[in-house]
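Participant: Next comes data26.pdb, PDB, C-alpha atoms, pLDDT in the B column:
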ATOM      1  CA  MET A   1     122.717 103.834  63.162  1.00 66.00           C
ATOM      2  CA  LEU A   2     122.470 100.431  64.622  1.00 75.00           C
ATOM      3  CA  THR A   3     119.864  99.098  66.979  1.00 78.00           C
ATOM      4  CA  LEU A   4     119.997  95.627  68.417  1.00 83.00           C
ATOM      5  CA  VAL A   5     116.845  94.530  70.209  1.00 83.00           C
ATOM      6  CA  SER A   6     116.372  91.176  71.821  1.00 86.00           C
ATOM      7  CA  MET A   7     113.743  89.628  74.012  1.00 86.00           C
ATOM      8  CA  ILE A   8     114.943  89.105  77.552  1.00 90.00           C
ATOM      9  CA  THR A   9     113.483  86.850  80.220  1.00 92.00           C
ATOM     10  CA  GLU A  10     112.462  87.804  83.737  1.00 93.00           C
ATOM     11  CA  GLU A  11     115.164  85.453  85.040  1.00 94.00           C
ATOM     12  CA  GLN A  12     117.847  87.165  82.983  1.00 95.00           C
ATOM     13  CA  LEU A  13     116.729  90.582  84.227  1.00 95.00           C
ATOM     14  CA  ASN A  14     116.797  89.319  87.808  1.00 95.00           C
ATOM     15  CA  TYR A  15     120.326  88.086  87.223  1.00 95.00           C
ATOM     16  CA  LEU A  16     121.468  91.354  85.630  1.00 96.00           C
ATOM     17  CA  GLY A  17     120.016  93.223  88.592  1.00 95.00           C
ATOM     18  CA  VAL A  18     122.432  91.597  91.028  1.00 95.00           C
ATOM     19  CA  HIS A  19     125.460  90.816  88.840  1.00 95.00           C
ATOM     20  CA  GLU A  20     127.692  93.348  87.174  1.00 96.00           C
ATOM     21  CA  ILE A  21     128.624  93.054  83.508  1.00 96.00           C
ATOM     22  CA  SER A  22     132.396  92.842  83.172  1.00 95.00           C
ATOM     23  CA  LEU A  23     132.609  92.916  79.383  1.00 95.00           C
ATOM     24  CA  LEU A  24     130.176  94.002  76.701  1.00 95.00           C
ATOM     25  CA  ARG A  25     130.672  92.884  73.125  1.00 93.00           C
ATOM     26  CA  MET A  26     128.618  93.388  70.033  1.00 87.00           C
ATOM     27  CA  GLY A  27     129.011  90.122  68.200  1.00 88.00           C
ATOM     28  CA  VAL A  28     129.428  90.717  64.481  1.00 86.00           C
ATOM     29  CA  LYS A  29     129.869  87.137  63.390  1.00 84.00           C
ATOM     30  CA  GLY A  30     129.430  84.355  65.882  1.00 85.00           C
ATOM     31  CA  ASP A  31     131.139  85.332  69.107  1.00 90.00           C
ATOM     32  CA  VAL A  32     133.714  87.547  67.414  1.00 91.00           C
ATOM     33  CA  GLY A  33     132.924  91.233  67.356  1.00 88.00           C
ATOM     34  CA  VAL A  34     133.463  94.674  68.769  1.00 87.00           C
ATOM     35  CA  ASP A  35     134.290  95.074  72.453  1.00 91.00           C
ATOM     36  CA  ILE A  36     132.949  98.187  74.117  1.00 90.00           C
ATOM     37  CA  GLN A  37     136.022  99.593  75.854  1.00 87.00           C
ATOM     38  CA  ASN A  38     136.106 100.675  79.492  1.00 86.00           C
ATOM     39  CA  ALA A  39     136.253 104.345  78.520  1.00 84.00           C
ATOM     40  CA  LEU A  40     132.836 103.935  76.904  1.00 87.00           C
ATOM     41  CA  PHE A  41     131.370 101.357  79.253  1.00 91.00           C
ATOM     42  CA  THR A  42     132.499 102.749  82.589  1.00 91.00           C
ATOM     43  CA  ASP A  43     132.227 101.256  86.063  1.00 93.00           C
ATOM     44  CA  LYS A  44     129.483 103.765  86.733  1.00 91.00           C
ATOM     45  CA  ASN A  45     127.628 102.613  83.603  1.00 93.00           C
ATOM     46  CA  LYS A  46     127.836  99.007  84.816  1.00 95.00           C
ATOM     47  CA  LYS A  47     126.184  99.944  88.080  1.00 94.00           C
ATOM     48  CA  GLN A  48     123.557 101.953  86.210  1.00 94.00           C
ATOM     49  CA  VAL A  49     122.753  98.906  84.072  1.00 95.00           C
ATOM     50  CA  MET A  50     122.284  96.805  87.223  1.00 96.00           C
ATOM     51  CA  LYS A  51     119.951  99.435  88.589  1.00 95.00           C
ATOM     52  CA  ALA A  52     118.009  99.580  85.324  1.00 95.00           C
ATOM     53  CA  ALA A  53     117.648  95.790  85.248  1.00 96.00           C
ATOM     54  CA  ALA A  54     116.450  95.739  88.868  1.00 96.00           C
ATOM     55  CA  PHE A  55     113.984  98.504  88.007  1.00 95.00           C
ATOM     56  CA  MET A  56     112.502  96.398  85.190  1.00 94.00           C
ATOM     57  CA  VAL A  57     111.625  93.530  87.529  1.00 94.00           C
ATOM     58  CA  SER A  58     110.442  95.700  90.415  1.00 91.00           C
ATOM     59  CA  PRO A  59     106.669  95.920  90.882  1.00 83.00           C
ATOM     60  CA  LYS A  60     106.680  99.719  90.466  1.00 68.00           C
TER
ATOM     61  CA  MET B   1     105.946  95.982  65.040  1.00 52.00           C
ATOM     62  CA  LYS B   2     104.029  97.797  67.776  1.00 56.00           C
ATOM     63  CA  ASN B   3     106.785  96.835  70.143  1.00 60.00           C
ATOM     64  CA  LEU B   4     109.394  98.295  67.831  1.00 60.00           C
ATOM     65  CA  TYR B   5     107.439 101.538  67.661  1.00 56.00           C
ATOM     66  CA  VAL B   6     107.432 101.857  71.430  1.00 58.00           C
ATOM     67  CA  ILE B   7     111.137 101.074  71.521  1.00 60.00           C
ATOM     68  CA  VAL B   8     111.906 103.834  69.012  1.00 59.00           C
ATOM     69  CA  VAL B   9     109.963 106.310  71.145  1.00 57.00           C
ATOM     70  CA  LEU B  10     112.000 105.214  74.133  1.00 58.00           C
ATOM     71  CA  ILE B  11     115.285 105.581  72.248  1.00 58.00           C
ATOM     72  CA  LEU B  12     114.459 109.194  71.420  1.00 55.00           C
ATOM     73  CA  THR B  13     113.412 109.831  75.001  1.00 54.00           C
ATOM     74  CA  GLY B  14     116.683 108.402  76.214  1.00 50.00           C
ATOM     75  CA  ILE B  15     118.850 110.466  73.886  1.00 52.00           C
ATOM     76  CA  THR B  16     117.355 113.750  74.976  1.00 49.00           C
ATOM     77  CA  THR B  17     117.516 113.202  78.708  1.00 48.00           C
ATOM     78  CA  LYS B  18     120.216 112.500  81.248  1.00 58.00           C
ATOM     79  CA  ALA B  19     122.753 109.697  81.415  1.00 71.00           C
ATOM     80  CA  GLN B  20     120.333 107.253  82.964  1.00 79.00           C
ATOM     81  CA  SER B  21     116.595 107.163  82.403  1.00 84.00           C
ATOM     82  CA  LEU B  22     114.127 105.049  84.324  1.00 89.00           C
ATOM     83  CA  ILE B  23     110.685 105.423  82.814  1.00 87.00           C
ATOM     84  CA  ASN B  24     107.367 104.054  83.998  1.00 89.00           C
ATOM     85  CA  GLN B  25     104.428 105.871  82.540  1.00 86.00           C
ATOM     86  CA  LYS B  26     101.479 105.715  80.214  1.00 85.00           C
ATOM     87  CA  ASP B  27     102.346 106.684  76.667  1.00 81.00           C
ATOM     88  CA  PRO B  28     100.367 109.884  75.942  1.00 85.00           C
ATOM     89  CA  PHE B  29      99.629 108.845  72.345  1.00 85.00           C
ATOM     90  CA  THR B  30      98.915 105.126  72.454  1.00 84.00           C
ATOM     91  CA  GLY B  31      97.645 104.984  76.040  1.00 85.00           C
ATOM     92  CA  LYS B  32      99.786 101.921  76.646  1.00 83.00           C
ATOM     93  CA  SER B  33     101.934 101.626  79.708  1.00 84.00           C
ATOM     94  CA  VAL B  34     105.639 101.930  79.023  1.00 84.00           C
ATOM     95  CA  LYS B  35     108.425 100.835  81.294  1.00 90.00           C
ATOM     96  CA  ALA B  36     112.083 101.195  80.460  1.00 90.00           C
ATOM     97  CA  GLY B  37     115.532 101.733  81.884  1.00 92.00           C
ATOM     98  CA  PHE B  38     118.306 103.108  79.679  1.00 89.00           C
ATOM     99  CA  VAL B  39     121.929 103.952  80.303  1.00 90.00           C
ATOM    100  CA  MET B  40     123.918 106.310  78.123  1.00 87.00           C
ATOM    101  CA  LEU B  41     127.382 104.767  77.871  1.00 87.00           C
ATOM    102  CA  GLY B  42     130.493 106.815  78.452  1.00 80.00           C
ATOM    103  CA  ARG B  43     131.038 109.737  80.766  1.00 68.00           C
ATOM    104  CA  LEU B  44     128.435 112.369  81.405  1.00 63.00           C
ATOM    105  CA  MET B  45     128.702 115.358  79.046  1.00 57.00           C
ATOM    106  CA  ALA B  46     130.672 113.237  76.588  1.00 54.00           C
ATOM    107  CA  PRO B  47     127.963 111.331  74.741  1.00 55.00           C
ATOM    108  CA  THR B  48     129.358 108.400  72.809  1.00 60.00           C
ATOM    109  CA  GLY B  49     126.229 107.588  70.870  1.00 72.00           C
ATOM    110  CA  MET B  50     125.866 104.294  72.676  1.00 82.00           C
ATOM    111  CA  GLN B  51     123.027 103.206  74.881  1.00 86.00           C
ATOM    112  CA  LEU B  52     122.255  99.983  76.671  1.00 90.00           C
ATOM    113  CA  GLY B  53     118.874  99.447  78.206  1.00 90.00           C
ATOM    114  CA  PHE B  54     115.722  97.500  78.793  1.00 91.00           C
ATOM    115  CA  SER B  55     112.096  98.042  77.948  1.00 87.00           C
ATOM    116  CA  GLU B  56     108.761  96.380  78.490  1.00 88.00           C
ATOM    117  CA  SER B  57     105.890  96.505  76.063  1.00 78.00           C
ATOM    118  CA  GLU B  58     102.664  94.520  76.106  1.00 77.00           C
ATOM    119  CA  GLY B  59     104.050  92.043  78.576  1.00 82.00           C
ATOM    120  CA  LYS B  60     107.249  91.404  76.645  1.00 85.00           C
ATOM    121  CA  LYS B  61     110.631  92.515  77.886  1.00 89.00           C
ATOM    122  CA  PHE B  62     113.541  93.529  75.702  1.00 87.00           C
ATOM    123  CA  ILE B  63     117.203  94.325  75.968  1.00 88.00           C
ATOM    124  CA  MET B  64     118.425  96.955  73.565  1.00 85.00           C
ATOM    125  CA  PHE B  65     121.776  98.214  72.368  1.00 85.00           C
ATOM    126  CA  LEU B  66     121.892 101.400  70.321  1.00 79.00           C
ATOM    127  CA  TRP B  67     124.913 102.695  68.470  1.00 75.00           C
ATOM    128  CA  THR B  68     124.616 105.857  66.431  1.00 68.00           C
ATOM    129  CA  ALA B  69     127.822 105.178  64.486  1.00 62.00           C
ATOM    130  CA  PRO B  70     127.317 105.313  60.728  1.00 58.00           C
ATOM    131  CA  SER B  71     126.272 101.821  59.767  1.00 54.00           C
ATOM    132  CA  GLY B  72     124.814 102.317  56.337  1.00 54.00           C
ATOM    133  CA  GLN B  73     126.254 102.756  52.895  1.00 56.00           C
ATOM    134  CA  ASN B  74     129.562 104.189  54.087  1.00 53.00           C
ATOM    135  CA  GLY B  75     129.525 102.679  57.542  1.00 59.00           C
ATOM    136  CA  ALA B  76     131.363  99.893  59.215  1.00 61.00           C
ATOM    137  CA  PHE B  77     128.348  97.581  58.956  1.00 66.00           C
ATOM    138  CA  ASN B  78     127.645  98.207  55.316  1.00 64.00           C
ATOM    139  CA  LYS B  79     127.421  94.626  54.183  1.00 69.00           C
ATOM    140  CA  GLN B  80     126.515  93.197  57.546  1.00 75.00           C
ATOM    141  CA  ASP B  81     123.699  90.701  57.769  1.00 76.00           C
ATOM    142  CA  PRO B  82     121.790  91.896  60.850  1.00 74.00           C
ATOM    143  CA  LYS B  83     120.816  88.332  61.640  1.00 75.00           C
ATOM    144  CA  GLU B  84     124.451  87.647  62.416  1.00 82.00           C
ATOM    145  CA  LEU B  85     124.641  90.390  65.044  1.00 86.00           C
ATOM    146  CA  SER B  86     124.476  89.557  68.723  1.00 89.00           C
ATOM    147  CA  LEU B  87     124.971  91.102  72.125  1.00 90.00           C
ATOM    148  CA  LEU B  88     127.375  89.288  74.430  1.00 94.00           C
ATOM    149  CA  LEU B  89     127.506  90.010  78.144  1.00 95.00           C
ATOM    150  CA  LYS B  90     130.346  88.526  80.145  1.00 95.00           C
ATOM    151  CA  MET B  91     129.332  88.728  83.774  1.00 94.00           C
ATOM    152  CA  ASP B  92     131.386  89.185  86.945  1.00 90.00           C
ATOM    153  CA  SER B  93     130.657  85.537  87.682  1.00 87.00           C
ATOM    154  CA  ASP B  94     132.215  84.491  84.322  1.00 86.00           C
ATOM    155  CA  THR B  95     128.786  83.500  83.062  1.00 91.00           C
ATOM    156  CA  ILE B  96     128.129  84.620  79.519  1.00 94.00           C
ATOM    157  CA  ILE B  97     124.693  85.785  78.439  1.00 94.00           C
ATOM    158  CA  ARG B  98     124.196  85.959  74.734  1.00 93.00           C
ATOM    159  CA  PHE B  99     121.397  87.580  72.760  1.00 91.00           C
ATOM    160  CA  LYS B 100     121.407  86.634  69.121  1.00 83.00           C
ATOM    161  CA  ALA B 101     119.715  88.487  66.272  1.00 72.00           C
ATOM    162  CA  ASP B 102     118.517  85.419  64.426  1.00 64.00           C
ATOM    163  CA  SER B 103     114.797  86.120  64.105  1.00 57.00           C
ATOM    164  CA  ALA B 104     112.871  87.024  60.966  1.00 51.00           C
ATOM    165  CA  ALA B 105     112.367  90.532  62.423  1.00 51.00           C
ATOM    166  CA  SER B 106     116.017  91.385  61.821  1.00 54.00           C
ATOM    167  CA  LYS B 107     116.450  93.830  58.988  1.00 57.00           C
ATOM    168  CA  ILE B 108     118.296  96.850  57.687  1.00 55.00           C
ATOM    169  CA  VAL B 109     116.212  99.902  56.844  1.00 54.00           C
ATOM    170  CA  ASN B 110     117.336 102.949  54.895  1.00 49.00           C
ATOM    171  CA  PHE B 111     116.734 106.133  56.812  1.00 47.00           C
ATOM    172  CA  GLY B 112     117.873 109.317  55.115  1.00 44.00           C
ATOM    173  CA  ARG B 113     121.587 109.143  54.499  1.00 49.00           C
ATOM    174  CA  GLN B 114     122.064 106.456  57.077  1.00 47.00           C
ATOM    175  CA  GLN B 115     120.756 102.959  57.465  1.00 49.00           C
ATOM    176  CA  HIS B 116     119.139 101.553  60.537  1.00 53.00           C
ATOM    177  CA  VAL B 117     119.820  98.050  61.612  1.00 56.00           C
ATOM    178  CA  ASN B 118     116.850  96.697  63.491  1.00 56.00           C
ATOM    179  CA  ALA B 119     117.696  93.363  64.954  1.00 56.00           C
ATOM    180  CA  GLY B 120     114.734  91.649  66.566  1.00 54.00           C
ATOM    181  CA  VAL B 121     116.073  88.523  68.122  1.00 50.00           C
ATOM    182  CA  HIS B 122     115.357  85.384  70.035  1.00 48.00           C
ATOM    183  CA  ASP B 123     116.743  85.080  73.498  1.00 44.00           C
ATOM    184  CA  HIS B 124     118.680  82.198  74.820  1.00 41.00           C
ATOM    185  CA  ARG B 125     121.192  81.745  77.514  1.00 41.00           C
ATOM    186  CA  ARG B 126     124.192  79.531  77.576  1.00 39.00           C
ATOM    187  CA  THR B 127     127.721  79.493  78.790  1.00 36.00           C
ATOM    188  CA  ILE B 128     130.465  79.670  76.204  1.00 38.00           C
ATOM    189  CA  GLU B 129     134.115  80.602  75.940  1.00 38.00           C
ATOM    190  CA  LEU B 130     134.709  83.957  74.280  1.00 40.00           C
ATOM    191  CA  PRO B 131     137.469  84.029  71.681  1.00 43.00           C
ATOM    192  CA  ARG B 132     139.758  87.048  71.592  1.00 45.00           C
ATOM    193  CA  CYS B 133     138.623  89.938  69.445  1.00 42.00           C
ATOM    194  CA  PRO B 134     140.981  90.237  66.454  1.00 40.00           C
TER
END
Could you spell out this file's structure in structure tokens?

Facilitator:
Amino acid sequence: MLTLVSMITEEQLNYLGVHEISLLRMGVKGDVGVDIQNALFTDKNKKQVMKAAAFMVSPK
Amino acid sequence: MKNLYVIVVLILTGITTKAQSLINQKDPFTGKSVKAGFVMLGRLMAPTGMQLGFSESEGKKFIMFLWTAPSGQNGAFNKQDPKELSLLLKMDSDTIIRFKADSAASKIVNFGRQQHVNAGVHDHRRTIELPRCP
């Protein structure tokens, strides 16, 4: 089981709330790594991530 | 470490609920407020063991990627140095946001028959060209 946790800034969350991720990669060494394919990271997932990011910076 | 504890609680919460979880509540055990948004990757009813999400704990915000693939002794990440792991987001605007696991908090922990890779990382943002994945 693998968990990657990173601090994220308010600005980055704001950005992720209004921009969609087009490609997600887990970098294994440098910028080379494992791409999460579209079947696993669907268009619906991308919109859900935007919503989650927007939720994190909302006052509620 | 307190932050990691809260994150683990949130991971378990996310696994057992629906495809997307938006949480904003007081933790019943620690009394601390917990805010998080998690997305289960893949199609509904076909869990892939991957989650991407965000959490906030004690004023700090985190991005988190969870992959329940075997990563320990017999796994694909057996000899991986967790400090070399990173999360790369290529955006619709061609911007690349990169989260690198280069902090001292990065470690691999044995957990039963599997190993956990906990990668606590610094954040930084820069634009780079992504090479093709081999």

Participant: Rounded to one decimal place, report the atom CA of Gly17 of chain A-atom CA of Val5 of chain A distance in Å.

Facilitator: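 Atom CA of Val5 of chain A lies 18.7 Å from atom CA of Gly17 of chain A.
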
Participant: To one decimal place in Å, what is the distance between atom CA of Leu41 of chain B and atom CA of Leu88 of chain B?

Facilitator: 15.9 Å

Participant: Residues within 9 Å of segment 42-56 of chain A, please, as an mmCIF file with C-alpha atoms, keeping the file's coordinate frame. Count only C-alpha atoms; anything in the same chain fewer than 4 positions from it doesn't count.

Facilitator:
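Contents of part06.cif, freshly written:
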data_model
loop_
_atom_site.group_PDB
_atom_site.id
_atom_site.type_symbol
_atom_site.label_atom_id
_atom_site.label_comp_id
_atom_site.auth_asym_id
_atom_site.auth_seq_id
_atom_site.Cartn_x
_atom_site.Cartn_y
_atom_site.Cartn_z
ATOM 1 C CA GLU A 10 112.462 87.804 83.737
ATOM 2 C CA GLN A 12 117.847 87.165 82.983
ATOM 3 C CA LEU A 13 116.729 90.582 84.227
ATOM 4 C CA ASN A 14 116.797 89.319 87.808
ATOM 5 C CA TYR A 15 120.326 88.086 87.223
ATOM 6 C CA LEU A 16 121.468 91.354 85.630
ATOM 7 C CA GLY A 17 120.016 93.223 88.592
ATOM 8 C CA VAL A 18 122.432 91.597 91.028
ATOM 9 C CA HIS A 19 125.460 90.816 88.840
ATOM 10 C CA GLU A 20 127.692 93.348 87.174
ATOM 11 C CA ILE A 21 128.624 93.054 83.508
ATOM 12 C CA SER A 22 132.396 92.842 83.172
ATOM 13 C CA GLN A 37 136.022 99.593 75.854
ATOM 14 C CA ASN A 38 136.106 100.675 79.492
ATOM 15 C CA LYS A 60 106.680 99.719 90.466
ATOM 16 C CA ALA B 19 122.753 109.697 81.415
ATOM 17 C CA GLN B 20 120.333 107.253 82.964
ATOM 18 C CA SER B 21 116.595 107.163 82.403
ATOM 19 C CA LEU B 22 114.127 105.049 84.324
ATOM 20 C CA LYS B 35 108.425 100.835 81.294
ATOM 21 C CA ALA B 36 112.083 101.195 80.460
ATOM 22 C CA GLY B 37 115.532 101.733 81.884
ATOM 23 C CA PHE B 38 118.306 103.108 79.679
ATOM 24 C CA VAL B 39 121.929 103.952 80.303
ATOM 25 C CA MET B 40 123.918 106.310 78.123
ATOM 26 C CA LEU B 41 127.382 104.767 77.871
ATOM 27 C CA GLY B 42 130.493 106.815 78.452
ATOM 28 C CA ARG B 43 131.038 109.737 80.766
ATOM 29 C CA LEU B 52 122.255 99.983 76.671
ATOM 30 C CA GLY B 53 118.874 99.447 78.206
ATOM 31 C CA PHE B 54 115.722 97.500 78.793
ATOM 32 C CA SER B 55 112.096 98.042 77.948
ATOM 33 C CA GLU B 56 108.761 96.380 78.490
ATOM 34 C CA LYS B 61 110.631 92.515 77.886
#

Participant: Which residues match the ChimeraX specification (/B :<6) & /A in the file above, as JSON, numbers by chain?

Facilitator: {"A": [1, 2, 3, 4, 5, 6, 7, 8, 20, 21, 22, 23, 24, 25, 26, 27, 28, 29, 32, 40, 41, 52]}

Participant: How far is it from atom CA of Ser33 of chain B to atom CA of Ser57 of chain B, in Å with one decimal?

Facilitator: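 Separation between atom CA of Ser33 of chain B and atom CA of Ser57 of chain B: 7.4 Å.
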
Participant: Dump N, CA and C atoms of segment 28-59 of chain A from the given block, as a PDB file, in the first residue's frame.

Facilitator:
ATOM      1  N   VAL A  28       8.157   8.123 -10.169  1.00  0.00           N
ATOM      2  CA  VAL A  28       8.911   7.115  -9.424  1.00  0.00           C
ATOM      3  C   VAL A  28      10.358   7.557  -9.266  1.00  0.00           C
ATOM      4  N   LYS A  29      10.897   8.127 -10.324  1.00  0.00           N
ATOM      5  CA  LYS A  29      12.242   8.679 -10.237  1.00  0.00           C
ATOM      6  C   LYS A  29      12.283   9.916 -11.120  1.00  0.00           C
ATOM      7  N   GLY A  30      12.491  11.052 -10.494  1.00  0.00           N
ATOM      8  CA  GLY A  30      12.411  12.294 -11.256  1.00  0.00           C
ATOM      9  C   GLY A  30      11.008  12.454 -11.809  1.00  0.00           C
ATOM     10  N   ASP A  31      10.912  12.806 -13.069  1.00  0.00           N
ATOM     11  CA  ASP A  31       9.604  13.005 -13.683  1.00  0.00           C
ATOM     12  C   ASP A  31       9.107  11.760 -14.407  1.00  0.00           C
ATOM     13  N   VAL A  32       9.872  10.697 -14.360  1.00  0.00           N
ATOM     14  CA  VAL A  32       9.461   9.454 -15.013  1.00  0.00           C
ATOM     15  C   VAL A  32       8.706   8.600 -14.000  1.00  0.00           C
ATOM     16  N   GLY A  33       7.585   8.022 -14.438  1.00  0.00           N
ATOM     17  CA  GLY A  33       6.833   7.230 -13.475  1.00  0.00           C
ATOM     18  C   GLY A  33       5.657   6.520 -14.098  1.00  0.00           C
ATOM     19  N   VAL A  34       4.627   6.348 -13.291  1.00  0.00           N
ATOM     20  CA  VAL A  34       3.460   5.585 -13.698  1.00  0.00           C
ATOM     21  C   VAL A  34       2.313   6.535 -14.002  1.00  0.00           C
ATOM     22  N   ASP A  35       1.825   6.502 -15.236  1.00  0.00           N
ATOM     23  CA  ASP A  35       0.659   7.314 -15.591  1.00  0.00           C
ATOM     24  C   ASP A  35      -0.609   6.584 -15.177  1.00  0.00           C
ATOM     25  N   ILE A  36      -1.534   7.359 -14.593  1.00  0.00           N
ATOM     26  CA  ILE A  36      -2.825   6.772 -14.239  1.00  0.00           C
ATOM     27  C   ILE A  36      -3.728   6.902 -15.461  1.00  0.00           C
ATOM     28  N   GLN A  37      -4.062   5.755 -16.054  1.00  0.00           N
ATOM     29  CA  GLN A  37      -4.767   5.732 -17.335  1.00  0.00           C
ATOM     30  C   GLN A  37      -6.185   6.290 -17.207  1.00  0.00           C
ATOM     31  N   ASN A  38      -6.743   6.663 -18.347  1.00  0.00           N
ATOM     32  CA  ASN A  38      -8.082   7.257 -18.383  1.00  0.00           C
ATOM     33  C   ASN A  38      -9.154   6.348 -17.807  1.00  0.00           C
ATOM     34  N   ALA A  39      -8.971   5.029 -17.937  1.00  0.00           N
ATOM     35  CA  ALA A  39      -9.973   4.109 -17.408  1.00  0.00           C
ATOM     36  C   ALA A  39     -10.029   4.183 -15.882  1.00  0.00           C
ATOM     37  N   LEU A  40      -8.902   4.571 -15.275  1.00  0.00           N
ATOM     38  CA  LEU A  40      -8.848   4.683 -13.821  1.00  0.00           C
ATOM     39  C   LEU A  40      -9.077   6.111 -13.356  1.00  0.00           C
ATOM     40  N   PHE A  41      -8.651   7.055 -14.153  1.00  0.00           N
ATOM     41  CA  PHE A  41      -8.814   8.466 -13.806  1.00  0.00           C
ATOM     42  C   PHE A  41      -9.743   9.074 -14.855  1.00  0.00           C
ATOM     43  N   THR A  42     -11.036   8.877 -14.629  1.00  0.00           N
ATOM     44  CA  THR A  42     -12.043   9.190 -15.647  1.00  0.00           C
ATOM     45  C   THR A  42     -12.338  10.681 -15.699  1.00  0.00           C
ATOM     46  N   ASP A  43     -13.047  11.083 -16.746  1.00  0.00           N
ATOM     47  CA  ASP A  43     -13.458  12.488 -16.867  1.00  0.00           C
ATOM     48  C   ASP A  43     -14.307  12.902 -15.666  1.00  0.00           C
ATOM     49  N   LYS A  44     -15.115  11.968 -15.198  1.00  0.00           N
ATOM     50  CA  LYS A  44     -15.941  12.268 -14.028  1.00  0.00           C
ATOM     51  C   LYS A  44     -15.049  12.481 -12.800  1.00  0.00           C
ATOM     52  N   ASN A  45     -14.035  11.639 -12.646  1.00  0.00           N
ATOM     53  CA  ASN A  45     -13.091  11.792 -11.535  1.00  0.00           C
ATOM     54  C   ASN A  45     -12.432  13.166 -11.567  1.00  0.00           C
ATOM     55  N   LYS A  46     -12.068  13.620 -12.767  1.00  0.00           N
ATOM     56  CA  LYS A  46     -11.383  14.911 -12.903  1.00  0.00           C
ATOM     57  C   LYS A  46     -12.265  16.053 -12.412  1.00  0.00           C
ATOM     58  N   LYS A  47     -13.547  15.941 -12.728  1.00  0.00           N
ATOM     59  CA  LYS A  47     -14.486  16.966 -12.262  1.00  0.00           C
ATOM     60  C   LYS A  47     -14.692  16.863 -10.743  1.00  0.00           C
ATOM     61  N   GLN A  48     -14.675  15.636 -10.248  1.00  0.00           N
ATOM     62  CA  GLN A  48     -14.819  15.443  -8.798  1.00  0.00           C
ATOM     63  C   GLN A  48     -13.630  16.031  -8.049  1.00  0.00           C
ATOM     64  N   VAL A  49     -12.434  15.914  -8.645  1.00  0.00           N
ATOM     65  CA  VAL A  49     -11.238  16.466  -8.007  1.00  0.00           C
ATOM     66  C   VAL A  49     -11.325  17.989  -7.968  1.00  0.00           C
ATOM     67  N   MET A  50     -11.828  18.592  -9.060  1.00  0.00           N
ATOM     68  CA  MET A  50     -12.015  20.048  -9.071  1.00  0.00           C
ATOM     69  C   MET A  50     -12.968  20.474  -7.954  1.00  0.00           C
ATOM     70  N   LYS A  51     -14.036  19.714  -7.834  1.00  0.00           N
ATOM     71  CA  LYS A  51     -15.037  20.026  -6.813  1.00  0.00           C
ATOM     72  C   LYS A  51     -14.434  19.891  -5.407  1.00  0.00           C
ATOM     73  N   ALA A  52     -13.640  18.840  -5.222  1.00  0.00           N
ATOM     74  CA  ALA A  52     -13.013  18.622  -3.917  1.00  0.00           C
ATOM     75  C   ALA A  52     -12.028  19.741  -3.586  1.00  0.00           C
ATOM     76  N   ALA A  53     -11.277  20.194  -4.594  1.00  0.00           N
ATOM     77  CA  ALA A  53     -10.319  21.273  -4.375  1.00  0.00           C
ATOM     78  C   ALA A  53     -11.043  22.568  -4.028  1.00  0.00           C
ATOM     79  N   ALA A  54     -12.136  22.837  -4.752  1.00  0.00           N
ATOM     80  CA  ALA A  54     -12.936  24.045  -4.482  1.00  0.00           C
ATOM     81  C   ALA A  54     -13.532  23.982  -3.071  1.00  0.00           C
ATOM     82  N   PHE A  55     -13.936  22.787  -2.682  1.00  0.00           N
ATOM     83  CA  PHE A  55     -14.497  22.583  -1.338  1.00  0.00           C
ATOM     84  C   PHE A  55     -13.471  22.935  -0.261  1.00  0.00           C
ATOM     85  N   MET A  56     -12.210  22.579  -0.503  1.00  0.00           N
ATOM     86  CA  MET A  56     -11.161  22.804   0.503  1.00  0.00           C
ATOM     87  C   MET A  56     -10.904  24.284   0.745  1.00  0.00           C
ATOM     88  N   VAL A  57     -11.119  25.116  -0.251  1.00  0.00           N
ATOM     89  CA  VAL A  57     -10.862  26.551  -0.081  1.00  0.00           C
ATOM     90  C   VAL A  57     -12.137  27.334   0.188  1.00  0.00           C
ATOM     91  N   SER A  58     -13.277  26.651   0.199  1.00  0.00           N
ATOM     92  CA  SER A  58     -14.528  27.354   0.519  1.00  0.00           C
ATOM     93  C   SER A  58     -14.595  27.570   2.020  1.00  0.00           C
ATOM     94  N   PRO A  59     -15.295  28.652   2.439  1.00  0.00           N
ATOM     95  CA  PRO A  59     -15.344  28.949   3.879  1.00  0.00           C
ATOM     96  C   PRO A  59     -16.081  27.894   4.694  1.00  0.00           C
TER      97      PRO A  59
END
